[in-house]
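input-v3.txt, holding compact mmCIF, N, CA and C atoms and all ligand atoms:
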```txt
# COMPACT_ATOMS: atom_id res chain seq x y z
N MET A 256 6.87 -163.19 76.19
CA MET A 256 7.12 -163.80 77.51
C MET A 256 6.20 -165.01 77.70
N ALA A 257 6.78 -166.11 78.10
CA ALA A 257 6.01 -167.33 78.30
C ALA A 257 6.13 -167.78 79.76
N ALA A 258 5.15 -168.55 80.20
CA ALA A 258 5.22 -169.21 81.52
C ALA A 258 5.72 -170.63 81.29
N ILE A 259 6.87 -170.93 81.90
CA ILE A 259 7.57 -172.18 81.58
C ILE A 259 7.91 -172.93 82.87
N LEU A 260 7.60 -174.21 82.91
CA LEU A 260 7.98 -175.04 84.06
C LEU A 260 9.09 -176.00 83.62
N VAL A 261 10.16 -176.02 84.39
CA VAL A 261 11.26 -176.95 84.13
C VAL A 261 11.28 -177.96 85.27
N THR A 262 11.10 -179.23 84.96
CA THR A 262 11.15 -180.24 86.02
C THR A 262 12.62 -180.53 86.37
N GLY A 263 12.85 -180.90 87.62
CA GLY A 263 14.23 -181.20 88.06
C GLY A 263 15.16 -180.02 87.86
N ALA A 264 14.68 -178.84 88.26
CA ALA A 264 15.44 -177.62 87.92
C ALA A 264 16.21 -177.05 89.11
N ASN A 265 16.29 -177.80 90.20
CA ASN A 265 17.04 -177.26 91.34
C ASN A 265 18.55 -177.41 91.15
N LYS A 266 18.96 -178.19 90.14
CA LYS A 266 20.39 -178.31 89.87
C LYS A 266 20.59 -178.81 88.43
N GLY A 267 21.85 -178.89 88.03
CA GLY A 267 22.20 -179.51 86.75
C GLY A 267 21.65 -178.78 85.53
N LEU A 268 21.32 -179.55 84.51
CA LEU A 268 20.86 -178.98 83.24
C LEU A 268 19.55 -178.22 83.41
N GLY A 269 18.68 -178.72 84.28
CA GLY A 269 17.40 -178.05 84.52
C GLY A 269 17.62 -176.66 85.11
N PHE A 270 18.54 -176.58 86.07
CA PHE A 270 18.85 -175.29 86.69
C PHE A 270 19.40 -174.31 85.65
N GLU A 271 20.32 -174.78 84.84
CA GLU A 271 20.92 -173.90 83.82
C GLU A 271 19.88 -173.47 82.78
N THR A 272 19.01 -174.39 82.42
CA THR A 272 17.92 -174.04 81.49
C THR A 272 17.04 -172.96 82.10
N ALA A 273 16.67 -173.16 83.37
CA ALA A 273 15.83 -172.17 84.05
C ALA A 273 16.55 -170.82 84.15
N ARG A 274 17.83 -170.86 84.46
CA ARG A 274 18.60 -169.62 84.58
C ARG A 274 18.54 -168.81 83.29
N ARG A 275 18.74 -169.50 82.18
CA ARG A 275 18.76 -168.79 80.89
C ARG A 275 17.37 -168.29 80.52
N LEU A 276 16.35 -169.04 80.88
CA LEU A 276 14.98 -168.61 80.56
C LEU A 276 14.58 -167.39 81.38
N VAL A 277 15.03 -167.34 82.63
CA VAL A 277 14.76 -166.15 83.46
C VAL A 277 15.44 -164.93 82.83
N ILE A 278 16.70 -165.11 82.44
CA ILE A 278 17.44 -164.00 81.80
C ILE A 278 16.72 -163.53 80.53
N ALA A 279 16.13 -164.47 79.82
CA ALA A 279 15.42 -164.13 78.58
C ALA A 279 14.07 -163.47 78.85
N GLY A 280 13.69 -163.37 80.13
CA GLY A 280 12.50 -162.62 80.47
C GLY A 280 11.24 -163.43 80.66
N HIS A 281 11.37 -164.74 80.76
CA HIS A 281 10.19 -165.59 80.93
C HIS A 281 9.83 -165.76 82.41
N ILE A 282 8.59 -166.14 82.62
CA ILE A 282 8.16 -166.55 83.97
C ILE A 282 8.54 -168.02 84.09
N VAL A 283 9.40 -168.34 85.04
CA VAL A 283 9.95 -169.70 85.13
C VAL A 283 9.60 -170.33 86.47
N TYR A 284 9.06 -171.54 86.38
CA TYR A 284 8.82 -172.35 87.58
C TYR A 284 9.93 -173.38 87.69
N ILE A 285 10.57 -173.39 88.86
CA ILE A 285 11.52 -174.44 89.19
C ILE A 285 10.72 -175.62 89.75
N GLY A 286 10.64 -176.70 89.01
CA GLY A 286 10.03 -177.91 89.56
C GLY A 286 11.09 -178.67 90.34
N SER A 287 10.78 -178.97 91.60
CA SER A 287 11.78 -179.64 92.44
C SER A 287 11.07 -180.63 93.36
N ARG A 288 11.60 -181.85 93.43
CA ARG A 288 10.92 -182.81 94.32
C ARG A 288 11.15 -182.48 95.78
N ASP A 289 12.22 -181.76 96.06
CA ASP A 289 12.46 -181.29 97.43
C ASP A 289 12.23 -179.78 97.44
N ILE A 290 11.21 -179.35 98.16
CA ILE A 290 10.79 -177.95 98.09
C ILE A 290 11.88 -177.00 98.59
N GLU A 291 12.67 -177.43 99.56
CA GLU A 291 13.72 -176.53 100.08
C GLU A 291 14.84 -176.35 99.05
N ARG A 292 15.25 -177.44 98.42
CA ARG A 292 16.25 -177.30 97.34
C ARG A 292 15.70 -176.43 96.22
N GLY A 293 14.42 -176.62 95.92
CA GLY A 293 13.79 -175.82 94.88
C GLY A 293 13.73 -174.35 95.26
N ARG A 294 13.43 -174.09 96.51
CA ARG A 294 13.34 -172.70 96.97
C ARG A 294 14.70 -172.00 96.90
N ARG A 295 15.74 -172.74 97.27
CA ARG A 295 17.09 -172.14 97.18
C ARG A 295 17.41 -171.77 95.73
N ALA A 296 17.06 -172.68 94.82
CA ALA A 296 17.34 -172.42 93.40
C ALA A 296 16.50 -171.25 92.88
N SER A 297 15.23 -171.24 93.24
CA SER A 297 14.34 -170.19 92.70
C SER A 297 14.73 -168.83 93.28
N ASP A 298 15.15 -168.81 94.55
CA ASP A 298 15.61 -167.54 95.15
C ASP A 298 16.84 -167.02 94.42
N GLN A 299 17.72 -167.94 94.09
CA GLN A 299 18.96 -167.58 93.40
C GLN A 299 18.68 -166.99 92.01
N LEU A 300 17.66 -167.53 91.35
CA LEU A 300 17.41 -167.15 89.95
C LEU A 300 16.35 -166.06 89.78
N GLY A 301 15.54 -165.84 90.83
CA GLY A 301 14.40 -164.95 90.64
C GLY A 301 13.29 -165.66 89.88
N ALA A 302 13.13 -166.95 90.18
CA ALA A 302 12.09 -167.76 89.54
C ALA A 302 11.03 -168.11 90.58
N ARG A 303 9.99 -168.82 90.15
CA ARG A 303 9.00 -169.35 91.07
C ARG A 303 9.36 -170.80 91.36
N VAL A 304 8.73 -171.38 92.37
CA VAL A 304 9.05 -172.77 92.71
C VAL A 304 7.75 -173.55 92.89
N VAL A 305 7.79 -174.80 92.46
CA VAL A 305 6.66 -175.69 92.72
C VAL A 305 7.22 -177.07 93.06
N GLN A 306 6.65 -177.68 94.11
CA GLN A 306 7.07 -179.03 94.49
C GLN A 306 6.57 -179.98 93.42
N LEU A 307 7.46 -180.81 92.86
CA LEU A 307 7.05 -181.70 91.78
C LEU A 307 8.00 -182.88 91.67
N ASP A 308 7.47 -184.05 92.07
CA ASP A 308 8.18 -185.31 91.84
C ASP A 308 7.49 -185.99 90.67
N VAL A 309 8.20 -186.14 89.56
CA VAL A 309 7.55 -186.63 88.34
C VAL A 309 7.11 -188.09 88.43
N THR A 310 7.54 -188.81 89.46
CA THR A 310 7.13 -190.20 89.63
C THR A 310 5.95 -190.34 90.59
N ASP A 311 5.46 -189.22 91.10
CA ASP A 311 4.42 -189.25 92.13
C ASP A 311 3.18 -188.53 91.59
N ASP A 312 2.12 -189.30 91.27
CA ASP A 312 0.93 -188.72 90.65
C ASP A 312 0.31 -187.62 91.50
N ALA A 313 0.30 -187.80 92.82
CA ALA A 313 -0.30 -186.79 93.68
C ALA A 313 0.49 -185.48 93.61
N SER A 314 1.80 -185.62 93.55
CA SER A 314 2.67 -184.44 93.45
C SER A 314 2.45 -183.74 92.10
N VAL A 315 2.32 -184.53 91.04
CA VAL A 315 2.08 -183.94 89.71
C VAL A 315 0.75 -183.21 89.70
N ARG A 316 -0.28 -183.83 90.25
CA ARG A 316 -1.62 -183.22 90.29
C ARG A 316 -1.59 -181.90 91.08
N ALA A 317 -0.90 -181.92 92.23
CA ALA A 317 -0.82 -180.71 93.06
C ALA A 317 -0.06 -179.61 92.32
N ALA A 318 0.98 -179.99 91.59
CA ALA A 318 1.75 -178.99 90.83
C ALA A 318 0.89 -178.38 89.72
N VAL A 319 0.12 -179.23 89.05
CA VAL A 319 -0.79 -178.72 88.00
C VAL A 319 -1.76 -177.72 88.62
N ASP A 320 -2.35 -178.07 89.75
CA ASP A 320 -3.31 -177.18 90.40
C ASP A 320 -2.67 -175.85 90.77
N THR A 321 -1.45 -175.92 91.30
CA THR A 321 -0.74 -174.70 91.71
C THR A 321 -0.49 -173.79 90.51
N VAL A 322 0.02 -174.38 89.45
CA VAL A 322 0.37 -173.58 88.27
C VAL A 322 -0.89 -173.05 87.58
N GLU A 323 -1.93 -173.88 87.52
CA GLU A 323 -3.18 -173.42 86.89
C GLU A 323 -3.78 -172.27 87.67
N ALA A 324 -3.71 -172.34 89.00
CA ALA A 324 -4.26 -171.27 89.82
C ALA A 324 -3.50 -169.97 89.60
N ASP A 325 -2.29 -170.10 89.12
CA ASP A 325 -1.41 -168.96 88.90
C ASP A 325 -1.50 -168.44 87.46
N GLY A 326 -2.35 -169.06 86.63
CA GLY A 326 -2.51 -168.58 85.27
C GLY A 326 -2.16 -169.58 84.19
N GLY A 327 -1.59 -170.72 84.58
CA GLY A 327 -1.31 -171.78 83.60
C GLY A 327 0.06 -171.68 82.98
N LEU A 328 0.35 -172.66 82.14
CA LEU A 328 1.68 -172.78 81.52
C LEU A 328 1.59 -172.62 80.01
N ASP A 329 2.65 -172.11 79.42
CA ASP A 329 2.80 -172.14 77.96
C ASP A 329 3.71 -173.29 77.54
N VAL A 330 4.70 -173.59 78.37
CA VAL A 330 5.72 -174.57 77.98
C VAL A 330 6.09 -175.43 79.18
N LEU A 331 6.20 -176.75 78.94
CA LEU A 331 6.73 -177.67 79.95
C LEU A 331 8.04 -178.25 79.43
N ILE A 332 9.09 -178.09 80.20
CA ILE A 332 10.37 -178.72 79.85
C ILE A 332 10.59 -179.86 80.84
N ASN A 333 10.34 -181.08 80.37
CA ASN A 333 10.40 -182.23 81.28
C ASN A 333 11.83 -182.76 81.33
N ASN A 334 12.66 -182.00 82.03
CA ASN A 334 14.09 -182.32 82.12
C ASN A 334 14.36 -183.49 83.05
N ALA A 335 13.54 -183.63 84.09
CA ALA A 335 13.75 -184.73 85.05
C ALA A 335 13.24 -186.02 84.42
N GLY A 336 13.94 -186.45 83.40
CA GLY A 336 13.50 -187.63 82.69
C GLY A 336 14.00 -188.89 83.35
N VAL A 337 13.80 -189.97 82.68
CA VAL A 337 14.26 -191.26 83.17
C VAL A 337 15.46 -191.68 82.34
N ALA A 338 16.56 -191.94 82.99
CA ALA A 338 17.76 -192.37 82.27
C ALA A 338 17.75 -193.88 82.14
N ALA A 339 17.81 -194.34 80.91
CA ALA A 339 17.86 -195.78 80.69
C ALA A 339 19.30 -196.26 80.81
N GLU A 340 19.46 -197.49 81.24
CA GLU A 340 20.80 -198.06 81.25
C GLU A 340 21.23 -198.33 79.83
N TRP A 341 22.52 -198.18 79.55
CA TRP A 341 23.02 -198.45 78.22
C TRP A 341 22.65 -199.85 77.81
N GLY A 342 22.12 -199.98 76.60
CA GLY A 342 21.79 -201.30 76.08
C GLY A 342 20.40 -201.76 76.46
N ALA A 343 19.73 -201.02 77.39
CA ALA A 343 18.39 -201.44 77.79
C ALA A 343 17.41 -201.18 76.66
N ARG A 344 16.41 -202.03 76.53
CA ARG A 344 15.40 -201.83 75.49
C ARG A 344 14.39 -200.80 75.96
N MET A 345 14.13 -199.81 75.11
CA MET A 345 13.18 -198.77 75.45
C MET A 345 11.82 -199.11 74.85
N PRO A 346 10.71 -198.74 75.53
CA PRO A 346 9.40 -198.97 74.94
C PRO A 346 9.25 -198.14 73.67
N ARG A 347 8.48 -198.66 72.70
CA ARG A 347 8.28 -197.93 71.46
C ARG A 347 7.37 -196.73 71.67
N SER A 348 6.49 -196.82 72.64
CA SER A 348 5.60 -195.69 72.91
C SER A 348 5.19 -195.74 74.38
N ALA A 349 4.78 -194.58 74.86
CA ALA A 349 4.29 -194.50 76.23
C ALA A 349 3.21 -193.43 76.24
N PRO A 350 2.20 -193.61 77.07
CA PRO A 350 1.12 -192.62 77.09
C PRO A 350 1.60 -191.29 77.67
N LEU A 351 1.18 -190.20 77.07
CA LEU A 351 1.49 -188.89 77.61
C LEU A 351 0.45 -188.55 78.65
N ARG A 352 0.86 -187.89 79.71
CA ARG A 352 -0.09 -187.46 80.73
C ARG A 352 -0.03 -185.96 80.85
N1 LIG A 401 24.23 -184.51 81.96
C1 LIG A 401 24.30 -185.24 80.83
O1 LIG A 401 25.36 -185.41 80.19
C2 LIG A 401 23.04 -185.89 80.29
C3 LIG A 401 23.11 -186.65 79.12
C4 LIG A 401 21.95 -187.25 78.59
C5 LIG A 401 20.74 -187.07 79.25
N2 LIG A 401 20.70 -186.34 80.40
C6 LIG A 401 19.40 -186.21 81.05
O2 LIG A 401 19.16 -184.84 81.31
C7 LIG A 401 18.44 -184.73 82.54
C8 LIG A 401 19.20 -183.83 83.52
O3 LIG A 401 20.51 -184.32 83.66
P1 LIG A 401 21.53 -183.64 84.71
O4 LIG A 401 22.89 -184.06 84.32
O5 LIG A 401 21.22 -182.18 84.84
O6 LIG A 401 21.10 -184.44 86.05
P2 LIG A 401 21.31 -184.01 87.60
O7 LIG A 401 22.39 -182.98 87.74
O8 LIG A 401 21.42 -185.31 88.33
O9 LIG A 401 19.94 -183.30 87.96
C9 LIG A 401 18.75 -184.04 87.89
C10 LIG A 401 17.61 -183.19 88.42
O10 LIG A 401 16.41 -183.95 88.31
C11 LIG A 401 15.82 -184.01 89.60
N3 LIG A 401 15.06 -185.24 89.75
C12 LIG A 401 15.50 -186.51 89.84
N4 LIG A 401 14.47 -187.34 89.99
C13 LIG A 401 13.34 -186.58 90.01
C14 LIG A 401 11.97 -186.86 90.16
N5 LIG A 401 11.51 -188.11 90.33
N6 LIG A 401 11.09 -185.82 90.12
C15 LIG A 401 11.53 -184.56 89.94
N7 LIG A 401 12.82 -184.22 89.83
C16 LIG A 401 13.71 -185.24 89.85
C17 LIG A 401 16.96 -183.90 90.59
O11 LIG A 401 16.46 -183.52 91.86
P3 LIG A 401 17.26 -183.85 93.25
O12 LIG A 401 18.21 -182.70 93.46
O13 LIG A 401 16.16 -183.93 94.24
O14 LIG A 401 17.99 -185.16 93.05
C18 LIG A 401 17.78 -182.81 89.90
O15 LIG A 401 17.21 -181.55 90.12
C19 LIG A 401 18.24 -186.13 83.06
O16 LIG A 401 16.98 -186.59 82.62
C20 LIG A 401 19.34 -186.91 82.39
O17 LIG A 401 18.99 -188.29 82.24
C21 LIG A 401 21.82 -185.76 80.92
```

Show the structure stored in the file as structure tokens.
Amino acid sequence: MAAILVTGANKGLGFETARRLVIAGHIVYIGSRDIERGRRASDQLGARVVQLDVTDDASVRAAVDTVEADGGLDVLINNAGVAAEWGARMPRSAPLR
């Protein structure tokens, strides 16, 4: 059993990923930039919820503190990624945080 946070998990692929991880017996955090949408999703799945907007450093810091206080994470699934426009040039590297 692992503790896993899925960003952008209140709907779409993140929600489905979280759903399957809960069924597999993991402790799953629904990361959601809107806490109410996140709470609805986590209630539906039997998961935990944490407010997390991946573009907001304060929100990320608060989410880290919340999860660490709860025992920490084994896995981060950063599903709430950034979609590039077709044909746009992507950076060759970016710092991990
Ligand atoms: N679906 C595809 O065919 C496909 C293909 C290639 C890549 N992807 C990538 O896979 C990921 C999920 O796709 P999806 O189709 O499941 O998208 P989706 O249905 O639009 O769901 C996106 C999720 O990310 C959340 N989100 C958006 N911006 C966020 C932010 N700044 N901080 C935290 N959460 C944020 C949304 O929250 P709200 O409800 O608040 O908006 C929602 O929960 C995306 O990164 C997408 O680019 C998808």

Quick check for you: according to DSSP on this backbone, which residues of range 256-324 of chain A are classed as alpha helix (DSSP H)? Reply as JSON, numbers by chain. {"A": [267, 268, 269, 270, 271, 272, 273, 274, 275, 276, 277, 278, 290, 291, 292, 293, 294, 295, 296, 297, 298, 299, 300, 312, 313, 314, 315, 316, 317, 318, 319, 320, 321, 322, 323, 324]}

Resulting file, chosen residues, N, CA and C atoms, as a short mmCIF file (atom, residue, chain, number, x, y, z; two decimals), in the frame of the given file:
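Printed below is result00.cif as written:
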```cif
data_model
loop_
_atom_site.label_atom_id
_atom_site.label_comp_id
_atom_site.auth_asym_id
_atom_site.auth_seq_id
_atom_site.Cartn_x
_atom_site.Cartn_y
_atom_site.Cartn_z
N GLY A 267 21.85 -178.89 88.03
CA GLY A 267 22.20 -179.51 86.75
C GLY A 267 21.65 -178.78 85.53
N LEU A 268 21.32 -179.55 84.51
CA LEU A 268 20.86 -178.98 83.24
C LEU A 268 19.55 -178.22 83.41
N GLY A 269 18.68 -178.72 84.28
CA GLY A 269 17.40 -178.05 84.52
C GLY A 269 17.62 -176.66 85.11
N PHE A 270 18.54 -176.58 86.07
CA PHE A 270 18.85 -175.29 86.69
C PHE A 270 19.40 -174.31 85.65
N GLU A 271 20.32 -174.78 84.84
CA GLU A 271 20.92 -173.90 83.82
C GLU A 271 19.88 -173.47 82.78
N THR A 272 19.01 -174.39 82.42
CA THR A 272 17.92 -174.04 81.49
C THR A 272 17.04 -172.96 82.10
N ALA A 273 16.67 -173.16 83.37
CA ALA A 273 15.83 -172.17 84.05
C ALA A 273 16.55 -170.82 84.15
N ARG A 274 17.83 -170.86 84.46
CA ARG A 274 18.60 -169.62 84.58
C ARG A 274 18.54 -168.81 83.29
N ARG A 275 18.74 -169.50 82.18
CA ARG A 275 18.76 -168.79 80.89
C ARG A 275 17.37 -168.29 80.52
N LEU A 276 16.35 -169.04 80.88
CA LEU A 276 14.98 -168.61 80.56
C LEU A 276 14.58 -167.39 81.38
N VAL A 277 15.03 -167.34 82.63
CA VAL A 277 14.76 -166.15 83.46
C VAL A 277 15.44 -164.93 82.83
N ILE A 278 16.70 -165.11 82.44
CA ILE A 278 17.44 -164.00 81.80
C ILE A 278 16.72 -163.53 80.53
N ILE A 290 11.21 -179.35 98.16
CA ILE A 290 10.79 -177.95 98.09
C ILE A 290 11.88 -177.00 98.59
N GLU A 291 12.67 -177.43 99.56
CA GLU A 291 13.72 -176.53 100.08
C GLU A 291 14.84 -176.35 99.05
N ARG A 292 15.25 -177.44 98.42
CA ARG A 292 16.25 -177.30 97.34
C ARG A 292 15.70 -176.43 96.22
N GLY A 293 14.42 -176.62 95.92
CA GLY A 293 13.79 -175.82 94.88
C GLY A 293 13.73 -174.35 95.26
N ARG A 294 13.43 -174.09 96.51
CA ARG A 294 13.34 -172.70 96.97
C ARG A 294 14.70 -172.00 96.90
N ARG A 295 15.74 -172.74 97.27
CA ARG A 295 17.09 -172.14 97.18
C ARG A 295 17.41 -171.77 95.73
N ALA A 296 17.06 -172.68 94.82
CA ALA A 296 17.34 -172.42 93.40
C ALA A 296 16.50 -171.25 92.88
N SER A 297 15.23 -171.24 93.24
CA SER A 297 14.34 -170.19 92.70
C SER A 297 14.73 -168.83 93.28
N ASP A 298 15.15 -168.81 94.55
CA ASP A 298 15.61 -167.54 95.15
C ASP A 298 16.84 -167.02 94.42
N GLN A 299 17.72 -167.94 94.09
CA GLN A 299 18.96 -167.58 93.40
C GLN A 299 18.68 -166.99 92.01
N LEU A 300 17.66 -167.53 91.35
CA LEU A 300 17.41 -167.15 89.95
C LEU A 300 16.35 -166.06 89.78
N ASP A 312 2.12 -189.30 91.27
CA ASP A 312 0.93 -188.72 90.65
C ASP A 312 0.31 -187.62 91.50
N ALA A 313 0.30 -187.80 92.82
CA ALA A 313 -0.30 -186.79 93.68
C ALA A 313 0.49 -185.48 93.61
N SER A 314 1.80 -185.62 93.55
CA SER A 314 2.67 -184.44 93.45
C SER A 314 2.45 -183.74 92.10
N VAL A 315 2.32 -184.53 91.04
CA VAL A 315 2.08 -183.94 89.71
C VAL A 315 0.75 -183.21 89.70
N ARG A 316 -0.28 -183.83 90.25
CA ARG A 316 -1.62 -183.22 90.29
C ARG A 316 -1.59 -181.90 91.08
N ALA A 317 -0.90 -181.92 92.23
CA ALA A 317 -0.82 -180.71 93.06
C ALA A 317 -0.06 -179.61 92.32
N ALA A 318 0.98 -179.99 91.59
CA ALA A 318 1.75 -178.99 90.83
C ALA A 318 0.89 -178.38 89.72
N VAL A 319 0.12 -179.23 89.05
CA VAL A 319 -0.79 -178.72 88.00
C VAL A 319 -1.76 -177.72 88.62
N ASP A 320 -2.35 -178.07 89.75
CA ASP A 320 -3.31 -177.18 90.40
C ASP A 320 -2.67 -175.85 90.77
N THR A 321 -1.45 -175.92 91.30
CA THR A 321 -0.74 -174.70 91.71
C THR A 321 -0.49 -173.79 90.51
N VAL A 322 0.02 -174.38 89.45
CA VAL A 322 0.37 -173.58 88.27
C VAL A 322 -0.89 -173.05 87.58
N GLU A 323 -1.93 -173.88 87.52
CA GLU A 323 -3.18 -173.42 86.89
C GLU A 323 -3.78 -172.27 87.67
N ALA A 324 -3.71 -172.34 89.00
CA ALA A 324 -4.26 -171.27 89.82
C ALA A 324 -3.50 -169.97 89.60
#
```

Using all atoms listed in the file, which of A:Gly280, A:Gly269, A:Gly326, A:Gly293 sits nearest ligand LIG 401 (chain A)?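 Between A:Gly280, A:Gly269, A:Gly326, A:Gly293, the residue approaching ligand LIG 401 (chain A) most closely is A:Gly269.
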
Residues of range 256-349 of chain A classed as strand (DSSP E) by DSSP on the backbone are to be reported as a list in words.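 These are the residues in question: Ala258, Ile259, Leu260, Val261, Ile282, Val283, Tyr284, Ile285, Gly286, Ser287, Arg303, Val304, Val305, Gln306, Val330, Leu331 and Ile332 of chain A.
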
Given a cut-off of 8 Å, what residues near ligand LIG 401 (chain A) show up using all atoms listed in the file, put as a count of residues only? 31

Would you please work out which residue, of A:Ala302, A:Ala318, A:Leu328, A:Ala313, is nearest to Val277 in chain A when using all atoms listed in the file?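 Smallest distance to Val277 in chain A is found for A:Ala302.
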
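Atom C of Arg316 in chain A to atom C of Ile332 in chain A spans 16.0 Å [interatomic distance, one decimal].
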
For Val322 in chain A, please output as a PyMOL selection string all residues within 12 Å (counting only C-alpha atoms; exclusion window: fewer than 6 positions along the same chain). chain A and resi 258-260+282-286+303-307+315-316+328-331

So how far away is atom C of Leu300 in chain A from CA of His281 in chain A, in Å?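 The value is 10.8 Å.
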
How big is the axis-aligned box around all listed atoms of range 307-324 of chain A once 3 Å goes on each side, and where's its centre, in Å to one decimal, as AutoDock Vina command-line options?
```
--center_x 2.0 --center_y -180.2 --center_z 90.3 --size_x 18.5 --size_y 26.4 --size_z 12.8
```

Hey, can you check how far atom N of Asp325 in chain A sits from CA of Ala257 in chain A?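 Distance reported for this atom pair: 13.9 Å.
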